[in-house]
$ cat run-v7.txt   # compact mmCIF, C-alpha atoms
# COMPACT_ATOMS: atom_id res chain seq x y z
CA MET O 1 -57.34 -9.00 148.58
CA HIS O 2 -58.15 -12.69 149.03
CA PRO O 3 -60.37 -13.83 151.89
CA ALA O 4 -59.81 -17.15 153.72
CA GLY O 5 -60.42 -20.08 151.39
CA ALA O 6 -59.88 -18.04 148.20
CA ALA O 7 -57.75 -19.52 145.40
CA VAL O 8 -55.13 -17.53 143.50
CA ALA O 9 -53.46 -18.59 140.24
CA LEU O 10 -51.01 -17.11 137.79
CA GLU O 11 -52.00 -15.85 134.37
CA PRO O 12 -52.33 -18.53 131.62
CA GLU O 13 -48.96 -17.60 130.05
CA ALA O 14 -47.09 -18.14 133.35
CA ALA O 15 -49.14 -21.20 134.22
CA ALA O 16 -48.07 -22.87 131.00
CA LYS O 17 -44.46 -22.89 132.21
CA GLN O 18 -45.16 -25.91 134.42
CA ASP O 19 -47.45 -28.87 133.98
CA ALA O 20 -48.87 -28.91 137.53
CA PRO O 21 -49.18 -25.80 139.70
CA LEU O 22 -47.54 -25.63 143.12
CA ARG O 23 -50.28 -26.04 145.73
CA VAL O 24 -49.65 -23.54 148.54
CA LEU O 25 -51.65 -23.44 151.77
CA LEU O 26 -51.39 -20.15 153.69
CA ILE O 27 -52.03 -20.02 157.44
CA GLU O 28 -52.78 -16.34 157.85
CA ASP O 29 -55.44 -14.20 159.54
CA SER O 30 -54.60 -11.02 157.66
CA ALA O 31 -56.05 -10.70 154.16
CA ALA O 32 -53.50 -7.97 153.34
CA ASP O 33 -50.58 -10.19 154.34
CA SER O 34 -52.03 -13.06 152.30
CA GLU O 35 -52.14 -10.78 149.28
CA LEU O 36 -48.51 -9.75 149.83
CA VAL O 37 -47.38 -13.38 150.02
CA ASN O 38 -49.28 -14.29 146.83
CA HIS O 39 -47.82 -11.27 145.05
CA GLN O 40 -44.31 -12.32 146.08
CA LEU O 41 -44.92 -15.84 144.74
CA LYS O 42 -46.03 -14.34 141.40
CA SER O 43 -42.98 -12.11 141.29
CA GLY O 44 -40.81 -15.14 141.99
CA GLY O 45 -42.13 -16.84 138.86
CA PHE O 46 -44.10 -19.61 140.58
CA HIS O 47 -46.96 -21.35 138.80
CA PHE O 48 -49.21 -21.95 141.80
CA VAL O 49 -52.64 -22.10 143.35
CA SER O 50 -53.21 -21.15 146.97
CA GLU O 51 -55.75 -21.46 149.73
CA THR O 52 -55.83 -19.54 153.00
CA VAL O 53 -56.97 -20.76 156.42
CA ASN O 54 -56.81 -19.22 159.87
CA THR O 55 -58.03 -21.93 162.25
CA ALA O 56 -56.75 -25.38 163.17
CA GLU O 57 -59.99 -27.00 161.99
CA GLN O 58 -59.78 -25.31 158.59
CA PHE O 59 -56.14 -26.30 158.29
CA ARG O 60 -56.75 -29.98 159.04
CA GLN O 61 -59.61 -30.09 156.53
CA MET O 62 -57.56 -28.41 153.77
CA VAL O 63 -54.64 -30.78 154.34
CA ARG O 64 -57.02 -33.64 153.64
CA THR O 65 -58.80 -32.11 150.64
CA PHE O 66 -56.41 -29.59 149.06
CA HIS O 67 -53.27 -31.76 149.43
CA PRO O 68 -50.82 -28.85 149.55
CA ASP O 69 -47.18 -29.07 148.42
CA MET O 70 -46.07 -26.19 150.66
CA ILE O 71 -47.38 -24.50 153.80
CA LEU O 72 -46.63 -20.87 154.62
CA ALA O 73 -47.64 -20.09 158.19
CA ASP O 74 -47.81 -16.95 160.29
CA TYR O 75 -46.37 -17.60 163.75
CA ASN O 76 -49.13 -16.07 165.87
CA LEU O 77 -52.79 -16.19 164.84
CA GLY O 78 -54.42 -15.33 168.14
CA GLU O 79 -56.18 -18.56 169.18
CA TRP O 80 -53.44 -20.82 167.82
CA ARG O 81 -49.91 -20.66 166.43
CA GLY O 82 -48.67 -21.57 162.99
CA MET O 83 -46.22 -24.02 164.56
CA ASP O 84 -49.19 -26.03 165.86
CA ALA O 85 -49.69 -27.03 162.24
CA VAL O 86 -46.53 -29.16 162.49
CA ASP O 87 -48.23 -31.37 165.08
CA ILE O 88 -51.31 -31.67 162.90
CA LEU O 89 -49.16 -32.72 159.92
CA ARG O 90 -47.56 -35.42 162.05
CA GLU O 91 -50.97 -36.62 163.19
CA GLU O 92 -52.11 -36.78 159.57
CA GLY O 93 -48.94 -38.70 158.62
CA VAL O 94 -47.95 -36.39 155.74
CA ASP O 95 -44.60 -34.87 154.77
CA ILE O 96 -45.43 -31.30 153.79
CA PRO O 97 -42.77 -28.64 154.43
CA LEU O 98 -43.79 -25.61 156.49
CA ILE O 99 -42.12 -22.21 156.26
CA LEU O 100 -42.88 -19.60 158.88
CA VAL O 101 -43.76 -16.21 157.40
CA THR O 102 -43.97 -13.89 160.38
CA GLY O 103 -43.59 -10.29 161.42
CA ALA O 104 -40.93 -10.76 164.09
CA LEU O 105 -39.06 -13.82 165.35
CA GLY O 106 -35.99 -13.78 167.56
CA GLU O 107 -33.00 -15.97 166.76
CA VAL O 108 -33.63 -18.25 169.75
CA MET O 109 -37.29 -18.67 168.81
CA ALA O 110 -36.38 -19.26 165.16
CA VAL O 111 -33.92 -22.03 166.06
CA ASP O 112 -36.51 -23.60 168.35
CA CYS O 113 -39.09 -23.59 165.53
CA ILE O 114 -36.62 -25.27 163.16
CA LYS O 115 -35.99 -27.93 165.81
CA GLN O 116 -39.73 -28.50 166.16
CA GLY O 117 -40.11 -29.15 162.44
CA ALA O 118 -40.32 -25.90 160.50
CA ALA O 119 -38.34 -26.03 157.27
CA ASP O 120 -37.36 -22.34 157.31
CA TYR O 121 -38.58 -18.91 158.34
CA VAL O 122 -38.99 -15.62 156.44
CA LEU O 123 -39.74 -12.26 158.02
CA LYS O 124 -42.62 -10.31 156.48
CA GLY O 125 -40.30 -7.32 156.22
CA GLY O 126 -38.07 -9.36 153.92
CA LEU O 127 -40.53 -11.24 151.71
CA SER O 128 -38.17 -10.98 148.73
CA ARG O 129 -36.35 -13.93 150.30
CA LEU O 130 -39.50 -16.10 150.19
CA PRO O 131 -39.12 -17.54 146.63
CA LEU O 132 -35.56 -18.66 147.40
CA ALA O 133 -36.66 -20.25 150.69
CA ILE O 134 -39.49 -22.09 148.91
CA ARG O 135 -37.25 -23.43 146.15
CA ARG O 136 -34.65 -24.62 148.62
CA THR O 137 -37.31 -26.26 150.78
CA LEU O 138 -38.87 -27.99 147.77
CA GLN O 139 -35.45 -29.30 146.78
CA ASP O 140 -34.97 -30.67 150.29
CA LYS O 141 -38.39 -32.32 150.11
CA ALA O 142 -37.58 -33.90 146.74
CA LEU O 143 -34.30 -35.19 148.16
CA ARG O 144 -36.10 -36.71 151.16
CA ALA O 145 -38.61 -38.34 148.85
CA GLU O 146 -35.79 -39.77 146.73
CA GLN O 147 -34.05 -41.07 149.85
CA ARG O 148 -37.27 -42.68 151.05
CA ARG O 149 -37.77 -44.34 147.67
CA GLY O 150 -34.19 -45.58 147.79
CA GLN O 151 -34.67 -46.93 151.32
CA GLU O 152 -37.94 -48.60 150.36
CA GLU O 153 -36.35 -50.17 147.28
CA LEU O 154 -33.39 -51.33 149.36
CA ALA O 155 -35.69 -52.76 152.03
CA ALA O 156 -37.68 -54.59 149.36
CA LYS O 157 -34.49 -55.99 147.82
CA VAL O 158 -33.19 -57.07 151.23
CA LYS O 159 -36.51 -58.77 151.95
CA GLU O 160 -36.46 -60.51 148.57
CA LEU O 161 -32.83 -61.53 149.07
CA ALA O 162 -33.63 -62.95 152.50
CA ARG O 163 -36.52 -64.91 151.02
CA SER O 164 -34.32 -66.14 148.18
CA ASN O 165 -31.61 -67.18 150.65
CA ARG O 166 -34.16 -69.07 152.74
CA ASP O 167 -35.38 -70.85 149.62
CA LEU O 168 -31.82 -71.72 148.59
CA GLU O 169 -30.98 -73.01 152.07
CA GLN O 170 -34.14 -75.08 152.12
CA PHE O 171 -33.34 -76.45 148.67
CA ALA O 172 -29.75 -77.28 149.69
CA PHE O 173 -30.97 -78.97 152.86
CA VAL O 174 -33.64 -81.04 151.13
CA ALA O 175 -31.41 -81.91 148.16
CA SER O 176 -28.51 -82.92 150.38
CA HIS O 177 -30.72 -84.91 152.71
CA ASP O 178 -32.57 -86.73 149.93
CA LEU O 179 -29.37 -87.49 148.00
CA GLN O 180 -27.79 -89.32 150.90
CA GLU O 181 -29.72 -92.58 150.59
CA PRO O 182 -29.25 -93.20 146.82
CA LEU O 183 -25.58 -92.23 147.15
CA ARG O 184 -25.16 -94.64 150.03
CA MET O 185 -26.58 -97.38 147.81
CA VAL O 186 -24.25 -96.46 144.92
CA ALA O 187 -21.21 -96.34 147.19
CA ALA O 188 -22.07 -99.62 148.93
CA TYR O 189 -22.63 -101.59 145.74
CA THR O 190 -19.61 -100.17 143.90
CA GLN O 191 -17.46 -101.11 146.89
CA LEU O 192 -19.03 -104.58 146.85
CA LEU O 193 -18.20 -104.87 143.15
CA ALA O 194 -14.63 -103.85 143.83
CA GLU O 195 -14.23 -106.44 146.59
CA ARG O 196 -15.96 -109.32 144.82
CA TYR O 197 -14.61 -108.94 141.28
CA LYS O 198 -11.12 -107.54 141.89
CA GLY O 199 -8.66 -109.50 139.76
CA LYS O 200 -11.40 -111.51 138.07
CA LEU O 201 -11.81 -109.00 135.26
CA ASP O 202 -9.14 -107.27 133.22
CA ASP O 203 -7.05 -104.37 134.49
CA LYS O 204 -9.25 -101.80 132.83
CA ALA O 205 -12.34 -103.12 134.62
CA ASP O 206 -10.57 -102.92 137.99
CA LYS O 207 -9.53 -99.37 137.17
CA TYR O 208 -13.06 -98.35 136.16
CA ILE O 209 -14.57 -99.86 139.28
CA ALA O 210 -11.96 -98.05 141.41
CA TYR O 211 -12.91 -94.78 139.74
CA ALA O 212 -16.61 -95.44 140.44
CA VAL O 213 -15.91 -96.24 144.11
CA GLU O 214 -13.76 -93.13 144.51
CA GLY O 215 -16.37 -90.93 142.82
CA ALA O 216 -19.22 -92.31 144.93
CA LEU O 217 -17.29 -91.81 148.17
CA ARG O 218 -16.32 -88.28 147.18
CA MET O 219 -19.94 -87.50 146.33
CA GLN O 220 -21.05 -88.86 149.72
CA ALA O 221 -18.54 -86.62 151.49
CA LEU O 222 -19.62 -83.63 149.40
CA VAL O 223 -23.30 -84.18 150.19
CA ARG O 224 -22.53 -84.49 153.91
CA ASP O 225 -20.60 -81.21 153.79
CA MET O 226 -23.40 -79.48 151.88
CA LEU O 227 -25.89 -80.69 154.46
CA ALA O 228 -23.68 -79.38 157.27
CA PHE O 229 -23.33 -76.01 155.52
CA SER O 230 -27.09 -75.68 154.92
CA ARG O 231 -27.84 -76.51 158.56
CA VAL O 232 -25.83 -73.57 159.90
CA GLY O 233 -28.26 -70.93 161.10
CA ARG O 234 -31.38 -73.07 160.74
CA ASN O 235 -31.55 -73.43 164.53
CA GLY O 236 -30.69 -69.85 165.42
CA ALA O 237 -33.63 -69.65 167.84
CA GLU O 238 -31.91 -72.26 170.02
CA ARG O 239 -28.97 -70.01 170.87
CA GLY O 240 -28.26 -69.63 174.55
CA LEU O 241 -25.33 -68.88 176.82
CA THR O 242 -22.53 -71.21 175.76
CA ASP O 243 -19.25 -71.74 177.58
CA PHE O 244 -16.61 -71.67 174.85
CA ASN O 245 -14.25 -73.60 177.15
CA LEU O 246 -16.64 -76.56 177.04
CA ALA O 247 -17.12 -76.14 173.28
CA LEU O 248 -13.35 -76.20 172.75
CA SER O 249 -12.97 -79.26 174.99
CA ALA O 250 -15.64 -81.10 173.00
CA ALA O 251 -13.93 -80.17 169.72
CA LEU O 252 -10.56 -81.44 171.02
CA LEU O 253 -12.18 -84.66 172.16
CA ASN O 254 -13.58 -85.18 168.65
CA LEU O 255 -10.10 -84.56 167.21
CA ARG O 256 -8.21 -86.58 169.83
CA ALA O 257 -7.17 -89.36 167.43
CA VAL O 258 -5.64 -87.03 164.83
CA ILE O 259 -4.06 -84.87 167.56
CA GLU O 260 -2.34 -87.90 169.09
CA GLU O 261 -1.38 -89.28 165.69
CA ASN O 262 0.47 -86.06 164.82
CA GLY O 263 1.86 -85.39 168.30
CA ALA O 264 0.09 -82.02 168.25
CA VAL O 265 0.02 -79.68 171.25
CA VAL O 266 -2.93 -77.35 171.83
CA HIS O 267 -2.57 -74.40 174.23
CA ALA O 268 -5.80 -72.68 175.23
CA ALA O 269 -6.54 -69.58 177.27
CA THR O 270 -9.61 -69.30 179.46
CA LEU O 271 -12.48 -68.52 177.10
CA PRO O 272 -15.66 -66.52 177.83
CA THR O 273 -19.31 -67.54 177.87
CA VAL O 274 -21.25 -66.06 174.95
CA LYS O 275 -24.63 -66.37 173.30
CA ALA O 276 -24.25 -69.14 170.73
CA ASP O 277 -25.53 -72.46 169.48
CA GLN O 278 -23.39 -74.99 171.34
CA SER O 279 -23.13 -77.47 168.47
CA GLN O 280 -22.07 -74.69 166.10
CA ALA O 281 -19.47 -73.45 168.60
CA ILE O 282 -18.01 -76.96 168.75
CA GLN O 283 -18.05 -77.17 164.95
CA LEU O 284 -16.30 -73.79 164.70
CA PHE O 285 -13.36 -74.80 166.91
CA GLN O 286 -13.24 -78.29 165.42
CA ASN O 287 -12.99 -76.93 161.87
CA LEU O 288 -10.32 -74.34 162.73
CA ILE O 289 -8.17 -76.72 164.75
CA GLY O 290 -8.73 -79.52 162.25
CA ASN O 291 -7.61 -77.14 159.51
CA ALA O 292 -4.41 -76.42 161.45
CA LEU O 293 -3.75 -80.14 161.84
CA LYS O 294 -4.39 -80.84 158.16
CA PHE O 295 -2.10 -78.12 156.86
CA ARG O 296 0.70 -78.80 159.31
CA GLY O 297 4.35 -78.15 158.52
CA LYS O 298 7.41 -80.30 159.09
CA GLU O 299 7.47 -79.59 162.82
CA LYS O 300 4.97 -81.09 165.24
CA PRO O 301 1.75 -79.05 165.14
CA GLU O 302 1.44 -76.43 167.87
CA ILE O 303 -1.87 -74.62 168.13
CA ARG O 304 -2.75 -71.70 170.41
CA VAL O 305 -6.29 -70.57 171.17
CA SER O 306 -6.47 -67.10 172.74
CA VAL O 307 -9.01 -64.33 173.31
CA GLU O 308 -9.14 -60.68 174.35
CA ARG O 309 -11.94 -58.21 175.00
CA GLN O 310 -12.37 -55.44 172.41
CA GLY O 311 -15.28 -53.25 173.40
CA ALA O 312 -18.58 -54.96 172.65
CA HIS O 313 -16.85 -57.98 171.04
CA TRP O 314 -14.51 -60.78 171.99
CA ALA O 315 -11.58 -61.23 169.62
CA PHE O 316 -10.56 -64.89 169.31
CA CYS O 317 -7.46 -66.27 167.66
CA VAL O 318 -6.57 -69.83 166.60
CA ALA O 319 -2.90 -69.73 165.60
CA ASP O 320 -0.72 -72.56 164.26
CA ASN O 321 2.79 -73.23 162.99
CA GLY O 322 1.65 -74.83 159.72
CA ILE O 323 2.45 -74.20 156.09
CA GLY O 324 0.78 -70.77 155.99
CA ILE O 325 -1.26 -69.09 153.26
CA ALA O 326 -0.20 -66.81 150.42
CA PRO O 327 -1.59 -63.23 150.60
CA GLU O 328 -3.65 -63.63 147.40
CA HIS O 329 -5.49 -66.61 148.91
CA LYS O 330 -6.58 -65.05 152.22
CA GLU O 331 -10.09 -64.25 150.97
CA VAL O 332 -10.50 -67.25 148.64
CA ILE O 333 -10.16 -69.80 151.43
CA PHE O 334 -13.53 -68.77 152.92
CA VAL O 335 -15.41 -69.30 149.64
CA ILE O 336 -17.47 -72.48 149.48
CA PHE O 337 -15.84 -75.34 147.53
CA GLN O 338 -12.59 -73.38 147.03
CA ARG O 339 -9.44 -75.49 147.33
CA LEU O 340 -5.81 -74.35 147.19
CA HIS O 341 -4.31 -77.82 146.92
CA ALA O 342 -4.89 -80.98 144.89
CA ARG O 343 -6.95 -83.77 146.43
CA SER O 344 -3.90 -85.99 146.28
CA GLU O 345 -2.17 -83.59 148.71
CA TYR O 346 -5.01 -82.76 151.10
CA GLU O 347 -8.45 -84.34 151.36
CA GLY O 348 -11.69 -82.45 151.82
CA ASN O 349 -14.17 -80.43 149.77
CA GLY O 350 -13.29 -76.88 150.85
CA LEU O 351 -16.36 -76.29 153.04
CA GLY O 352 -14.75 -76.19 156.50
CA LEU O 353 -13.76 -72.52 156.51
CA ALA O 354 -16.94 -71.52 154.63
CA ILE O 355 -18.94 -73.10 157.47
CA CYS O 356 -16.79 -71.23 160.01
CA GLN O 357 -17.48 -67.95 158.23
CA LYS O 358 -21.22 -68.61 158.14
CA ILE O 359 -21.32 -69.47 161.86
CA VAL O 360 -19.32 -66.37 162.85
CA GLU O 361 -21.16 -63.90 160.60
CA GLN O 362 -24.58 -65.14 161.70
CA SER O 363 -23.49 -64.43 165.27
CA GLY O 364 -22.77 -60.80 164.36
CA GLY O 365 -18.99 -61.18 164.09
CA ARG O 366 -16.42 -61.50 161.31
CA ILE O 367 -13.57 -63.86 160.55
CA TRP O 368 -10.25 -63.41 158.73
CA VAL O 369 -6.76 -64.89 158.55
CA GLU O 370 -3.31 -63.42 159.06
CA SER O 371 -0.62 -65.58 157.50
CA GLU O 372 2.53 -65.84 155.43
CA PRO O 373 3.71 -68.92 153.51
CA GLY O 374 5.84 -71.11 155.79
CA GLN O 375 5.11 -68.93 158.84
CA GLY O 376 1.90 -70.50 160.09
CA SER O 377 -1.58 -69.00 160.18
CA ALA O 378 -3.65 -67.08 162.71
CA PHE O 379 -7.39 -67.39 162.14
CA LYS O 380 -9.11 -64.57 163.99
CA PHE O 381 -12.80 -64.01 164.58
CA THR O 382 -14.96 -61.70 166.68
CA TRP O 383 -18.04 -62.59 168.69
CA PRO O 384 -20.47 -60.23 170.46
CA VAL O 385 -20.08 -59.97 174.23
CA SER O 386 -23.14 -61.34 176.05
CA GLU O 387 -25.63 -58.72 177.22
CA SER O 388 -25.05 -59.56 180.89
CA GLU O 389 -21.34 -58.71 180.54
CA ARG O 390 -21.95 -55.45 178.71
CA LYS O 391 -23.59 -53.90 181.77

$ encode --input "run-v7.txt" --output "structure tokens"
Amino acid sequence: MHPAGAAVALEPEAAAKQDAPLRVLLIEDSAADSELVNHQLKSGGFHFVSETVNTAEQFRQMVRTFHPDMILADYNLGEWRGMDAVDILREEGVDIPLILVTGALGEVMAVDCIKQGAADYVLKGGLSRLPLAIRRTLQDKALRAEQRRGQEELAAKVKELARSNRDLEQFAFVASHDLQEPLRMVAAYTQLLAERYKGKLDDKADKYIAYAVEGALRMQALVRDMLAFSRVGRNGAERGLTDFNLALSAALLNLRAVIEENGAVVHAATLPTVKADQSQAIQLFQNLIGNALKFRGKEKPEIRVSVERQGAHWAFCVADNGIGIAPEHKEVIFVIFQRLHARSEYEGNGLGLAICQKIVEQSGGRIWVESEPGQGSAFKFTWPVSESERK
């Protein structure tokens, strides 16, 4: 018999089977039942030490000092119930599994106890099941601990990745911004050289100067695009309700010259108002429509902007009758600096669609393209419905 607070351990030979003994805390007011539980643990081959308590105060103190791995609790102890220990464990902020070891417990009551936080229950008339219940519960606890470690590691990696991304964006912004002035100087003076000394030197000199001018201008354009890309998302706090009709109109106004030059026709449905940065919304439509105008086919460009509601998102589509895109290139086109054509065919640095993707994904949507070579392209993207329209 072991009175409350007494410790029980296996013989040295059994104890040597494991490095650290299982620490078991019994909530029991019957010394005889405590002895039966300890005997069953020995028979089950456990290397353990145990302590017994029968009041809430004793239990709270032992949780803090004994640091049990497992709690075996009688359901009814007179002044309090074993299930009350679950609340105390929550208050203490510890994850220690509790198995009810009780004389009688109906199915409804047993299910209710499991819902409240008990890991399992074993009837005192069937204590032979106790070792199996303990092993299964300990396995569940180890799995939970492993999941928590995985979640903590993932959260730490996500936090580190977010910090790294912020640093990279800041670096890109600063580098792009600070490079603009020296590049402007290089471009201006190489152009001045080309104008002033054209024909006064030999053909090779004219060719070299032309290469320098072209390289400087391309570098200027590249830096401007990098700056635009790095700016996306930096002003996310300024997002408000934005009328996409107005954003589209502004984009078309910016593209008016190239639209008129190519005799393009743009058809647009009535668009919704969503939560967005207005300047980014304009940039999104301008890039997509500008892309359709750039990669036009032999016919006059015809562009259609449409939208439909799909649950909690709007599904937008910017479709054209241009040259289309091969299936193997549908993902590549959204990668920064990726080009499918030579510069002699189409100008640009390959950042337009990458910027579109960044704008859309930071809004909580996604963007993709449906296209076949020679059949035009349909750039589709989703955007969350504003909270006021979800109600």

$ closest_residue --input "run-v7.txt" --among "O:Val266, O:Ile27, O:Leu132, O:Ile88" --to "Val101 of chain O" --atoms "all atoms listed in the file"
O:Ile27

$ atom_distance --input "run-v7.txt" --atom1 "atom CA of Phe244 of chain O" --atom2 "atom CA of Arg304 of chain O"
14.6 Å

$ residues_around --input "run-v7.txt" --residues "Asp33 of chain O" --least-positions-apart "5" --cutoff "12 Å" --atoms "all atoms listed in the file" --output "MDAnalysis selection string"
chainID O and resid 1:4 26:28 38:40 52 72:74 101:103 123:125 127

$ atom_distance --input "run-v7.txt" --atom1 "atom CA of Phe379 of chain O" --atom2 "atom CA of Met219 of chain O"
28.5 Å

$ residues_around --input "run-v7.txt" --residues "His267 of chain O" --least-positions-apart "2" --cutoff "10 Å" --atoms "only C-alpha atoms" --output "ChimeraX atom specification"
/O:265,269,302-306,318-319

$ write_last_selection --input "run-v7.txt" --atoms "C-alpha atoms" --output "PDB file, in the coordinates of the input"
ATOM      1  CA  VAL O 265       0.020 -79.680 171.250  1.00  0.00           C
ATOM      2  CA  ALA O 269      -6.540 -69.580 177.270  1.00  0.00           C
ATOM      3  CA  GLU O 302       1.440 -76.430 167.870  1.00  0.00           C
ATOM      4  CA  ILE O 303      -1.870 -74.620 168.130  1.00  0.00           C
ATOM      5  CA  ARG O 304      -2.750 -71.700 170.410  1.00  0.00           C
ATOM      6  CA  VAL O 305      -6.290 -70.570 171.170  1.00  0.00           C
ATOM      7  CA  SER O 306      -6.470 -67.100 172.740  1.00  0.00           C
ATOM      8  CA  VAL O 318      -6.570 -69.830 166.600  1.00  0.00           C
ATOM      9  CA  ALA O 319      -2.900 -69.730 165.600  1.00  0.00           C
TER      10      ALA O 319
END
